[in-house]
2 protein chains.
Amino acid sequence: MRRDVFQAIADPTRRAIIALIAIHAMTPNALANHFDVSRQAVSKHLRILTECELVKQDQQGREIFYQLELEKMKEIDKWLEQFRKIWESRFNQLDNVLANLKNQKK
Amino acid sequence: MRRDVFQAIADPTRRAIIALIAIHAMTPNALANHFDVSRQAVSKHLRILTECELVKQDQQGREIFYQLELEKMKEIDKWLEQFRKIWESRFNQLDNVLANLKNQKK
DNA sequence: ATTTTGAGAAACCAAATAGTTGCATATATT
DNA sequence: AATATATGCAACTATTTGGTTTCTCAAAAT
């Protein structure tokens, strides 16, 4: 059972759940109202998100509030970092080209 | 056939392919040497990456060089933006708390 | 005390996924 | 011209996925 962040955000419903609970913690029932799948389906998504630690639970009576674990989201950001470096360096190269064109005009 | 960037990067082999061709364009054969799956399996991954426009082809004779489409990678970055906003604002809130503590000491 | 409500677990199912092997085709090499 | 190489495509397979329905259990509400 592969269970990493990237696999977790592959599903659009899960991405929507993540976006919702990023604002404030929500119960499975409250979440399920936002989608046209059953409460149990949402529950399964929440389990997957919990297993890869993208989400943490906060039980209050019989309700369980799910909250986004922002730290874990940074893992994606960290992976993107290597590409951000590349596209920034490419941008700088373009910058140099433009600068050279300018100098040649003088 | 759902085929978006998030689903594309869910597979670890595909993420490895992306990382490799980010440096410079590579042929399917050259790529397959880096993994312990068949050349055809790599080819299938490349097709998926092509379909969601994360990768573009550059045919040279009988060889096809695959290159990363950096622009498309920014789509992920764009999605992360909303969460980056949140974690930065939380960080500022912490900042304020620390600042207040400092002021109270005076 | 009884009923309602919120939630997880289990069993089941259809579709998608990631891999394989075998084949076809176009381009190089000899 | 014959052979070797690079690649894509098709058919097949085992496993995973995302969903359902049914059941159980604990906490609130009546």
# chains A, B, ... in the order shown; residues from 1 in each chain; ligands from 1
>>> interface_residues(of="chain A", to="chain D", cutoff="12 Å", atoms="only C-alpha atoms (C1' of nucleotides)", output="ChimeraX atom specification")
/A:1-3,7-8,10-14,36-45,48,59-64
>>> write_last_selection(atoms="C-alpha atoms", output="compact mmCIF listing (two decimals), in the first residue's frame")
# COMPACT_ATOMS: atom_id res chain seq x y z
CA MET A 1 0.00 0.00 0.00
CA ARG A 2 1.89 2.98 -1.36
CA ARG A 3 0.77 5.96 0.64
CA GLN A 7 -0.57 9.75 -4.41
CA ALA A 8 -2.89 11.44 -1.91
CA ALA A 10 -3.85 12.73 -7.17
CA ASP A 11 -7.57 12.40 -6.50
CA PRO A 12 -9.66 15.53 -7.22
CA THR A 13 -12.09 14.86 -4.36
CA ARG A 14 -9.15 14.63 -1.97
CA ASP A 36 -22.01 14.01 -4.36
CA VAL A 37 -20.41 10.88 -2.95
CA SER A 38 -21.48 9.09 0.21
CA ARG A 39 -20.26 9.98 3.69
CA GLN A 40 -18.40 6.66 3.75
CA ALA A 41 -16.51 7.51 0.59
CA VAL A 42 -15.40 10.78 2.16
CA SER A 43 -14.41 8.81 5.24
CA LYS A 44 -12.19 6.59 3.14
CA HIS A 45 -10.52 9.63 1.61
CA ILE A 48 -5.93 7.94 3.21
CA GLN A 59 -12.24 14.32 18.46
CA GLN A 60 -14.94 16.31 20.23
CA GLY A 61 -17.64 14.12 21.69
CA ARG A 62 -18.88 11.92 18.90
CA GLU A 63 -17.67 14.31 16.25
CA ILE A 64 -14.23 14.17 14.71
>>> select_by_dssp(residues="chain A", states="strand (DSSP E)", output="PyMOL selection string")
chain A and resi 55-60+63-68
>>> write_last_selection(atoms="N, CA and C atoms", output="PDB file, in the first residue's frame")
ATOM      1  N   VAL A  55      -3.373  15.081   7.246  1.00  0.00           N
ATOM      2  CA  VAL A  55      -4.541  15.501   7.990  1.00  0.00           C
ATOM      3  C   VAL A  55      -4.440  14.984   9.414  1.00  0.00           C
ATOM      4  N   LYS A  56      -4.910  15.757  10.376  1.00  0.00           N
ATOM      5  CA  LYS A  56      -4.950  15.227  11.733  1.00  0.00           C
ATOM      6  C   LYS A  56      -6.348  15.356  12.324  1.00  0.00           C
ATOM      7  N   GLN A  57      -6.664  14.441  13.258  1.00  0.00           N
ATOM      8  CA  GLN A  57      -7.997  14.376  13.827  1.00  0.00           C
ATOM      9  C   GLN A  57      -8.051  15.088  15.166  1.00  0.00           C
ATOM     10  N   ASP A  58      -9.248  15.601  15.449  1.00  0.00           N
ATOM     11  CA  ASP A  58      -9.473  16.263  16.728  1.00  0.00           C
ATOM     12  C   ASP A  58     -10.883  15.881  17.187  1.00  0.00           C
ATOM     13  N   GLN A  59     -10.945  14.854  18.042  1.00  0.00           N
ATOM     14  CA  GLN A  59     -12.240  14.325  18.463  1.00  0.00           C
ATOM     15  C   GLN A  59     -12.886  15.247  19.495  1.00  0.00           C
ATOM     16  N   GLN A  60     -14.185  15.494  19.269  1.00  0.00           N
ATOM     17  CA  GLN A  60     -14.943  16.310  20.227  1.00  0.00           C
ATOM     18  C   GLN A  60     -16.294  15.658  20.397  1.00  0.00           C
ATOM     19  N   GLU A  63     -18.126  13.723  17.508  1.00  0.00           N
ATOM     20  CA  GLU A  63     -17.673  14.307  16.248  1.00  0.00           C
ATOM     21  C   GLU A  63     -16.147  14.301  16.158  1.00  0.00           C
ATOM     22  N   ILE A  64     -15.670  14.129  14.928  1.00  0.00           N
ATOM     23  CA  ILE A  64     -14.227  14.175  14.710  1.00  0.00           C
ATOM     24  C   ILE A  64     -13.944  15.285  13.706  1.00  0.00           C
ATOM     25  N   PHE A  65     -13.197  16.279  14.141  1.00  0.00           N
ATOM     26  CA  PHE A  65     -12.845  17.367  13.238  1.00  0.00           C
ATOM     27  C   PHE A  65     -11.514  17.054  12.577  1.00  0.00           C
ATOM     28  N   TYR A  66     -11.517  17.139  11.266  1.00  0.00           N
ATOM     29  CA  TYR A  66     -10.293  16.896  10.503  1.00  0.00           C
ATOM     30  C   TYR A  66      -9.678  18.232  10.110  1.00  0.00           C
ATOM     31  N   GLN A  67      -8.368  18.284  10.318  1.00  0.00           N
ATOM     32  CA  GLN A  67      -7.667  19.533  10.063  1.00  0.00           C
ATOM     33  C   GLN A  67      -6.457  19.273   9.184  1.00  0.00           C
ATOM     34  N   LEU A  68      -6.142  20.218   8.324  1.00  0.00           N
ATOM     35  CA  LEU A  68      -5.000  20.047   7.421  1.00  0.00           C
ATOM     36  C   LEU A  68      -3.681  20.183   8.187  1.00  0.00           C
TER      37      LEU A  68
END
>>> interface_residues(of="chain A", to="chain B", cutoff="10 Å", atoms="only C-alpha atoms", output="count of residues only")
31
>>> select_by_dssp(residues="chain A", states="alpha helix (DSSP H)", output="ChimeraX atom specification")
/A:5-8,12-23,28-32,39-51,70-105
>>> closest_residue(among="C:DA24, C:DA1, C:DA7, C:DA18", to="chain A", atoms="only C-alpha atoms (C1' of nucleotides)")
C:DA7
>>> closest_atom_pairs(of="chain C", to="chain A", cutoff="10 Å", atoms="only C-alpha atoms (C1' of nucleotides)", output="tab-separated table")
residue	atom	partner	partner_atom	distance
C:DT5	C1'	A:Arg62	CA	9.0
C:DG6	C1'	A:Glu63	CA	6.1
C:DA7	C1'	A:Glu63	CA	7.5
C:DG8	C1'	A:Ser43	CA	8.0
>>> write_last_selection(atoms="C-alpha atoms (C1' of nucleotides)", output="PDB file, in the first residue's frame")
ATOM      1  C1'  DT C   5     -26.952  10.885  15.046  1.00  0.00           C
ATOM      2  C1'  DG C   6     -21.857  10.714  13.740  1.00  0.00           C
ATOM      3  C1'  DA C   7     -18.476   7.885  12.519  1.00  0.00           C
ATOM      4  C1'  DG C   8     -15.411   3.832  11.379  1.00  0.00           C
TER       5       DG C   8
END
>>> atom_distance(atom1="atom CA of Leu31 of chain B", atom2="atom CA of Thr50 of chain B")
15.0 Å
